[in-house]
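The file coords.txt comes next; it holds compact mmCIF, C-alpha atoms.
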```txt
# COMPACT_ATOMS: atom_id res chain seq x y z
CA MET A 1 -1.93 35.05 13.19
CA PHE A 2 -0.29 35.20 9.78
CA LEU A 3 -0.88 37.73 7.00
CA VAL A 4 -1.30 36.27 3.52
CA MET A 5 -1.24 38.62 0.56
CA GLY A 6 -2.95 37.52 -2.66
CA ILE A 7 -5.23 35.03 -0.93
CA THR A 8 -7.68 34.94 -3.86
CA GLY A 9 -4.88 33.81 -6.20
CA LYS A 10 -3.28 30.40 -6.57
CA VAL A 11 -0.15 30.88 -4.46
CA GLY A 12 -1.76 32.96 -1.73
CA GLY A 13 -4.67 30.54 -1.62
CA ALA A 14 -2.35 27.54 -1.34
CA THR A 15 -0.45 29.25 1.47
CA ALA A 16 -3.66 29.95 3.37
CA GLU A 17 -4.83 26.36 2.86
CA HIS A 18 -1.66 24.96 4.41
CA LEU A 19 -1.71 27.41 7.30
CA LEU A 20 -5.35 26.67 8.11
CA ALA A 21 -4.79 22.92 7.79
CA HIS A 22 -2.28 23.15 10.63
CA GLY A 23 -4.56 25.19 12.88
CA ASN A 24 -3.06 28.61 12.28
CA ASP A 25 -5.04 31.85 12.23
CA VAL A 26 -4.91 33.69 8.92
CA ARG A 27 -5.50 37.31 7.99
CA ALA A 28 -5.81 38.58 4.43
CA LEU A 29 -5.70 42.04 2.86
CA VAL A 30 -8.45 42.09 0.24
CA ARG A 31 -9.79 44.61 -2.23
CA ASN A 32 -13.03 42.69 -2.82
CA ARG A 33 -14.66 41.06 0.21
CA GLU A 34 -17.20 39.25 -1.95
CA LYS A 35 -14.43 37.56 -3.93
CA ALA A 36 -12.84 36.46 -0.65
CA SER A 37 -16.10 35.45 1.07
CA SER A 38 -15.25 31.74 1.00
CA TRP A 39 -12.14 32.49 3.04
CA ALA A 40 -14.12 34.56 5.54
CA ASN A 41 -16.50 31.62 5.93
CA ARG A 42 -13.50 29.51 6.93
CA GLY A 43 -12.44 31.95 9.63
CA VAL A 44 -9.92 34.08 7.75
CA GLU A 45 -9.88 37.65 9.03
CA LEU A 46 -10.35 40.06 6.14
CA VAL A 47 -8.82 43.55 6.15
CA ASP A 48 -9.92 46.01 3.47
CA GLY A 49 -7.23 47.39 1.19
CA ASP A 50 -4.66 46.31 -1.36
CA TRP A 51 -0.96 46.46 -2.17
CA ASN A 52 -1.29 50.04 -3.42
CA ASP A 53 -2.06 51.28 0.11
CA SER A 54 0.88 51.17 2.53
CA ALA A 55 -1.32 52.22 5.46
CA ALA A 56 -3.67 49.30 4.83
CA ILE A 57 -0.74 46.89 4.60
CA GLU A 58 0.65 48.26 7.88
CA GLN A 59 -2.75 47.82 9.53
CA ALA A 60 -2.96 44.23 8.31
CA LEU A 61 0.53 43.52 9.69
CA LYS A 62 -0.29 44.55 13.26
CA GLY A 63 0.21 41.73 15.71
CA VAL A 64 1.07 39.03 13.16
CA GLU A 65 3.65 36.32 13.75
CA GLY A 66 4.71 36.46 10.13
CA ALA A 67 3.71 37.74 6.71
CA PHE A 68 3.67 36.36 3.17
CA VAL A 69 4.06 39.03 0.51
CA MET A 70 4.03 38.86 -3.28
CA LEU A 71 3.66 41.09 -6.31
CA PRO A 72 0.51 41.13 -8.41
CA PRO A 73 1.28 39.64 -11.84
CA VAL A 74 1.68 42.23 -14.59
CA TRP A 75 2.23 40.61 -17.98
CA ALA A 76 2.71 43.89 -19.86
CA PRO A 77 4.66 46.10 -17.44
CA SER A 78 5.76 49.65 -18.10
CA PRO A 79 9.34 49.97 -19.40
CA ASP A 80 10.52 51.19 -15.99
CA TYR A 81 8.47 48.58 -14.06
CA LYS A 82 6.71 51.36 -12.20
CA GLU A 83 3.85 49.02 -11.25
CA ALA A 84 6.20 46.74 -9.30
CA LYS A 85 8.21 49.64 -7.89
CA GLY A 86 5.07 51.22 -6.46
CA VAL A 87 4.00 48.05 -4.67
CA ILE A 88 7.53 47.42 -3.40
CA ALA A 89 7.72 50.95 -1.97
CA ASN A 90 4.44 50.34 -0.13
CA TYR A 91 5.74 47.05 1.25
CA VAL A 92 8.99 48.64 2.42
CA GLU A 93 7.14 51.44 4.21
CA ALA A 94 4.64 49.12 5.90
CA LEU A 95 7.13 46.38 6.78
CA THR A 96 9.57 48.93 8.19
CA LYS A 97 6.92 50.46 10.44
CA ALA A 98 5.29 47.19 11.53
CA ALA A 99 8.47 45.03 11.53
CA PRO A 100 6.84 41.58 11.79
CA PRO A 101 8.89 38.74 13.33
CA ARG A 102 9.44 37.19 9.89
CA VAL A 103 8.59 37.81 6.23
CA VAL A 104 8.39 35.38 3.33
CA ALA A 105 8.35 36.85 -0.18
CA LEU A 106 7.47 35.06 -3.40
CA SER A 107 10.25 35.47 -5.93
CA SER A 108 11.39 33.48 -8.97
CA MET A 109 14.28 31.51 -10.31
CA GLY A 110 16.40 33.99 -12.24
CA ALA A 111 15.73 36.85 -9.81
CA ASP A 112 19.41 36.85 -8.85
CA ARG A 113 20.00 38.48 -12.25
CA THR A 114 19.46 42.20 -12.63
CA SER A 115 18.73 42.43 -16.37
CA GLY A 116 17.85 40.40 -19.44
CA HIS A 117 15.01 38.39 -17.90
CA GLY A 118 11.89 40.34 -18.83
CA ASN A 119 9.00 40.06 -16.36
CA ILE A 120 11.26 38.48 -13.75
CA MET A 121 12.83 41.93 -13.38
CA ALA A 122 9.92 42.83 -11.10
CA LEU A 123 10.94 40.08 -8.68
CA SER A 124 14.60 41.06 -8.86
CA LEU A 125 13.47 44.54 -7.81
CA LEU A 126 11.39 43.02 -5.01
CA GLU A 127 14.42 41.19 -3.60
CA GLN A 128 16.55 44.32 -3.85
CA GLY A 129 13.86 46.40 -2.15
CA LEU A 130 13.21 44.07 0.77
CA ARG A 131 16.65 42.69 1.51
CA ASP A 132 17.54 45.43 4.00
CA LEU A 133 14.44 45.10 6.19
CA ALA A 134 14.97 44.74 9.91
CA SER A 135 12.72 41.67 9.90
CA PRO A 136 14.18 38.27 8.99
CA ILE A 137 13.16 37.56 5.39
CA ALA A 138 13.10 34.50 3.14
CA PHE A 139 12.83 34.84 -0.62
CA VAL A 140 11.22 31.80 -2.24
CA ARG A 141 12.55 31.58 -5.78
CA ALA A 142 9.97 29.35 -7.37
CA GLY A 143 10.29 27.68 -10.74
CA GLY A 144 7.75 27.95 -13.53
CA PHE A 145 4.26 26.95 -12.41
CA PHE A 146 2.80 23.68 -13.66
CA GLU A 147 -0.55 25.48 -13.56
CA ASN A 148 0.63 27.59 -16.49
CA PHE A 149 0.21 24.48 -18.65
CA LEU A 150 -3.45 23.90 -17.77
CA TYR A 151 -4.50 25.28 -21.14
CA GLY A 152 -3.25 21.94 -22.40
CA LEU A 153 -6.37 20.20 -21.07
CA GLN A 154 -8.21 21.82 -23.98
CA VAL A 155 -5.64 22.42 -26.70
CA ALA A 156 -3.80 19.10 -26.36
CA GLN A 157 -6.86 17.07 -27.31
CA GLY A 158 -5.31 16.85 -30.77
CA GLY A 159 -2.10 15.40 -29.39
CA THR A 160 0.12 18.51 -29.33
CA LEU A 161 1.04 20.83 -26.45
CA PRO A 162 2.34 24.12 -27.88
CA LEU A 163 4.73 26.00 -25.60
CA TYR A 164 7.67 28.37 -25.50
CA TYR A 165 10.30 26.00 -24.11
CA ASN A 166 12.97 25.21 -26.71
CA PRO A 167 14.42 22.66 -26.97
CA THR A 168 11.56 20.74 -25.43
CA ASN A 169 13.87 18.13 -23.90
CA ARG A 170 15.83 20.70 -21.92
CA LYS A 171 15.02 20.71 -18.22
CA SER A 172 14.31 23.84 -16.19
CA THR A 173 12.95 24.40 -12.69
CA MET A 174 9.19 23.88 -12.40
CA VAL A 175 6.83 23.57 -9.43
CA ALA A 176 3.17 23.31 -8.45
CA THR A 177 1.57 26.21 -6.61
CA ASN A 178 0.49 23.76 -3.89
CA ASP A 179 4.15 23.10 -3.13
CA ILE A 180 4.87 26.82 -2.99
CA GLY A 181 2.09 27.28 -0.46
CA ALA A 182 3.41 24.38 1.60
CA GLU A 183 6.94 25.79 1.69
CA VAL A 184 5.76 29.31 2.53
CA ALA A 185 3.64 27.96 5.39
CA THR A 186 6.61 25.95 6.66
CA LEU A 187 8.84 29.01 6.61
CA LEU A 188 6.23 31.11 8.40
CA THR A 189 5.61 28.60 11.18
CA GLY A 190 8.93 26.76 11.44
CA PRO A 191 12.11 27.57 13.35
CA ALA A 192 13.07 31.22 13.50
CA TRP A 193 16.06 32.56 11.58
CA SER A 194 17.94 35.83 11.35
CA GLY A 195 18.86 37.89 8.34
CA GLN A 196 18.09 36.79 4.79
CA ARG A 197 17.43 33.36 3.29
CA VAL A 198 16.92 32.39 -0.35
CA VAL A 199 15.09 29.14 -1.11
CA GLU A 200 15.07 27.67 -4.61
CA LEU A 201 11.83 25.75 -4.93
CA GLY A 202 11.05 23.12 -7.55
CA SER A 203 12.55 20.30 -9.58
CA MET A 204 14.20 20.08 -12.98
CA VAL A 205 11.54 19.05 -15.51
CA SER A 206 11.42 19.23 -19.30
CA ALA A 207 8.54 20.32 -21.51
CA ASP A 208 8.58 16.83 -23.00
CA GLU A 209 7.96 15.36 -19.54
CA VAL A 210 5.10 17.80 -18.91
CA ALA A 211 3.49 16.83 -22.23
CA GLU A 212 3.92 13.13 -21.46
CA GLN A 213 2.25 13.51 -18.06
CA LEU A 214 -0.59 15.49 -19.64
CA GLY A 215 -1.03 12.65 -22.10
CA GLU A 216 -1.26 10.14 -19.28
CA VAL A 217 -4.10 12.16 -17.72
CA LEU A 218 -5.90 12.59 -21.05
CA ASN A 219 -5.28 8.95 -22.04
CA ARG A 220 -3.73 9.91 -25.34
CA ASP A 221 -0.28 10.52 -26.79
CA VAL A 222 0.69 14.18 -26.35
CA LYS A 223 3.89 15.69 -27.71
CA ALA A 224 5.42 19.04 -26.78
CA PHE A 225 5.71 21.49 -29.67
CA ALA A 226 8.03 24.49 -29.44
CA ILE A 227 6.27 27.52 -30.93
CA PRO A 228 8.68 29.09 -33.44
CA ARG A 229 10.36 32.20 -32.02
CA ALA A 230 8.96 34.36 -34.80
CA GLY A 231 5.42 33.50 -33.71
CA TRP A 232 5.74 34.31 -30.01
CA ALA A 233 4.41 37.87 -30.17
CA GLU A 234 1.29 36.89 -32.06
CA THR A 235 0.61 34.02 -29.67
CA PHE A 236 1.00 36.21 -26.59
CA GLU A 237 -1.36 38.74 -28.13
CA GLN A 238 -3.94 35.98 -28.47
CA PHE A 239 -3.61 35.46 -24.71
CA GLY A 240 -4.53 39.09 -24.14
CA ILE A 241 -1.21 40.93 -23.97
CA PRO A 242 -1.55 44.20 -25.94
CA LYS A 243 0.12 44.39 -29.33
CA GLY A 244 3.57 45.92 -29.07
CA ARG A 245 3.91 45.10 -25.36
CA THR A 246 4.91 41.43 -25.51
CA GLY A 247 8.63 42.17 -25.19
CA PRO A 248 9.01 41.49 -21.43
CA VAL A 249 7.31 38.08 -21.53
CA GLU A 250 9.26 37.15 -24.66
CA GLU A 251 12.50 38.08 -22.92
CA MET A 252 11.46 36.02 -19.90
CA TYR A 253 11.04 32.86 -21.96
CA GLU A 254 14.31 33.54 -23.75
CA ALA A 255 15.95 33.62 -20.31
CA VAL A 256 14.27 30.31 -19.42
CA ASN A 257 15.57 28.72 -22.61
CA ALA A 258 19.04 30.14 -21.94
CA GLY A 259 19.22 28.19 -18.67
CA TRP A 260 18.51 30.95 -16.16
CA MET A 261 15.93 28.75 -14.40
CA ASP A 262 18.41 26.06 -13.44
CA LEU A 263 18.92 25.11 -9.80
CA GLY A 264 22.10 25.71 -7.87
CA VAL A 265 22.63 29.46 -7.53
CA GLU A 266 25.38 30.02 -4.97
CA GLY A 267 24.21 30.81 -1.45
CA THR A 268 20.72 29.38 -1.80
CA GLU A 269 18.84 26.54 -0.17
CA HIS A 270 16.93 24.05 -2.29
CA VAL A 271 13.56 22.42 -1.68
CA ALA A 272 12.30 19.92 -4.26
CA GLY A 273 8.67 19.86 -5.32
CA THR A 274 6.52 16.86 -4.42
CA THR A 275 3.50 17.61 -6.63
CA SER A 276 3.96 16.57 -10.26
CA ALA A 277 2.52 18.10 -13.40
CA ARG A 278 0.44 14.91 -13.64
CA ASP A 279 -1.08 15.65 -10.22
CA VAL A 280 -1.95 19.21 -11.27
CA PHE A 281 -3.55 18.07 -14.53
CA ALA A 282 -5.52 15.30 -12.83
CA ALA A 283 -6.88 17.61 -10.16
CA ALA A 284 -7.91 20.20 -12.74
CA LEU A 285 -9.53 17.59 -14.96
CA LYS A 286 -11.83 16.54 -12.13
CA ALA A 287 -13.24 20.07 -12.17
CA ILE A 288 -13.94 19.87 -15.93
CA PRO A 289 -16.07 16.72 -16.26
CA SER A 290 -17.03 17.55 -19.84
CA LEU A 291 -13.53 16.71 -21.01
CA PRO A 292 -12.78 13.07 -21.86
```
Could you write out this file's structure as structure tokens?
Amino acid sequence: MFLVMGITGKVGGATAEHLLAHGNDVRALVRNREKASSWANRGVELVDGDWNDSAAIEQALKGVEGAFVMLPPVWAPSPDYKEAKGVIANYVEALTKAAPPRVVALSSMGADRTSGHGNIMALSLLEQGLRDLASPIAFVRAGGFFENFLYGLQVAQGGTLPLYYNPTNRKSTMVATNDIGAEVATLLTGPAWSGQRVVELGSMVSADEVAEQLGEVLNRDVKAFAIPRAGWAETFEQFGIPKGRTGPVEEMYEAVNAGWMDLGVEGTEHVAGTTSARDVFAAALKAIPSLP
């Protein structure tokens, strides 16, 4: 039995898919059973609660062979990252009491830094908070998700994919959530280890390459367009981030453009992605038959 946090999201869902595909039993901590009903129908054991309840997390950890933990995404965090700190404290309490045989935590490229990386600060705090657990732990530092470009299926119909990567020909680490789930499942079910591991996950890909692969799926020429720095705040506000609170996500993309998402941090392992941006776009397009 393996505990998967965030099963109704992309990474947690991909992890559960890979575990189930190999005949493993899965348990999930869920706040909304109705939202997770499809997983229950597939045999996943649902435990009521969420990451704000350390007792519920501890209950969900009982008897598991391993656990996958992650932070809920917060695009407009408080200045002191209190949202992440609260969840991390709950994890530390529950994981210390339950002490599962192994833990895998979703982190990010750039989490080795302790400042200057905006939203990634939450994952840096997660690594700092969990590194002293008694349980063996692996931090999966994933690259930027290809799924974050899926808006391009609509907006790139005119031939342009607007994004925050600048220059667009510079490569940074990117990965599909399916590959994250596969690696997490492998770590949970593979050979045991002791102490701490850090796995860099993804491949070096440029925004130009992402746009080209999107164009191949849409059967049209698509070019990447770097949104001018002065227009970032307004664009993020259009995506729903409150006015005046876009600073952390802006800083995160500045860190990406500065090269903080490059592979090769000392002391880490590296696993390349096998799912391309093209694969992600093609799969998503099948679910939107109205698009050409």
Legend entry - Pick from A:Gly9, A:Gly158, A:Gly49, A:Gly181 nearest to Phe68 in chain A, counting all atoms listed in the file: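 Among A:Gly9, A:Gly158, A:Gly49, A:Gly181, it is A:Gly181 that comes nearest to Phe68 in chain A.
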Legend entry - Shell around Arg245 in chain A at 9 Å using all atoms listed in the file, local window under 2 positions removed, as a VMD selection string: chain A and resid 75 to 78 233 237 241 to 243 247 to 249
Inset, instruction - Between CA of Ala94 in chain A and CA of Asp50 in chain A, measure the distance and give it in Å to one decimal. - result: 12.1 Å
Inset, instruction - One decimal, Å: what's the distance from CA of Asp112 in chain A over to CA of Lys97 in chain A, could you say? - result: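 Computed distance, CA of Asp112 in chain A to CA of Lys97 in chain A, equals 26.7 Å.
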Can you tell me which residues surround Arg33 in chain A at a distance of at most 9 Å, considering only C-alpha atoms, apart from same-chain residues fewer than 4 positions away, and format the answer as a CSV table (one decimal) with C-alpha atoms, in the coordinates of the input?
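Ended up saving to selection23.csv:
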```
chain,number,residue,atom,x,y,z
A,37,SER,CA,-16.1,35.4,1.1
A,40,ALA,CA,-14.1,34.6,5.5
A,46,LEU,CA,-10.4,40.1,6.1
A,47,VAL,CA,-8.8,43.6,6.2
A,48,ASP,CA,-9.9,46.0,3.5
```
Legend entry - All residues 7 Å or closer to range 185-200 of chain A, all atoms listed in the file, same chain fewer than 4 positions away omitted, as a PyMOL selection string: chain A and resi 15+18-19+66+104+109+131+136-142+181+263+268-271
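Between CA of Thr168 in chain A and CA of Gly231 in chain A lies a distance of 16.4 Å.
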Legend entry - Nearest to Glu216 in chain A, chosen from A:Asp279, A:Glu34, A:Asp132, A:Asp25, with all atoms listed in the file counted in the distances: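 That would be A:Asp279, the residue with the smallest distance to Glu216 in chain A.
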Legend entry - Using only C-alpha atoms: which of A:Trp39, A:Trp260, A:Tyr81, A:Trp232 has the shortest distance to Lys171 in chain A: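 Answer, going by the shortest atom-to-atom distance: A:Trp260.
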Legend entry - Protein and nucleic acid residues near (-3.8, 28.1, 13.2) (cut-off 6 Å, only C-alpha atoms) as a list in words: Leu20, His22, Gly23, Asn24 and Asp25 of chain A
Inset, instruction - For the point (5.3, 47.1, 1.0) in the file's frame, write as a ChimeraX atom specification all residues with an atom no more than 12 Å away, counting all atoms listed in the file. - result: /A:5,50-61,67-71,84-99,103,105,126-127,129-130,133
Inset, instruction - Fewer than 6 positions away in the same chain doesn't count, so skip those; otherwise give me all residues within 10 Å of Ser276 in chain A, counting only C-alpha atoms, as a list of chain:residue names. - result: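 Using only C-alpha atoms, the neighbours found are A:Phe146, A:Met174, A:Val175, A:Ala176, A:Asp179, A:Ser203, A:Val205, A:Val210, A:Gln213, A:Ala282.
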What box, with edges along x, y and z, holds each listed atom of range 61-77 of chain A when 3 Å is added on every side, and can you state its centre and edge lengths in Å to one decimal, as lines of an AutoDock Vina configuration file?
```
center_x = 2.2
center_y = 41.2
center_z = -2.1
size_x = 11.0
size_y = 15.8
size_z = 41.6
```
Inset, instruction - Go through A:Thr173, A:Asn166, A:Ser108, A:Asn257 and flag the residue nearest Ile120 in chain A, using only C-alpha atoms for the distances. - result: A:Ser108
Legend entry - Nearest to Tyr151 in chain A by atom-to-atom distance, counting only C-alpha atoms, from A:Ile180, A:Asp262, A:Leu163, A:Lys62: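 Looking only at the distances to Tyr151 in chain A, the closest residue turns out to be A:Leu163.
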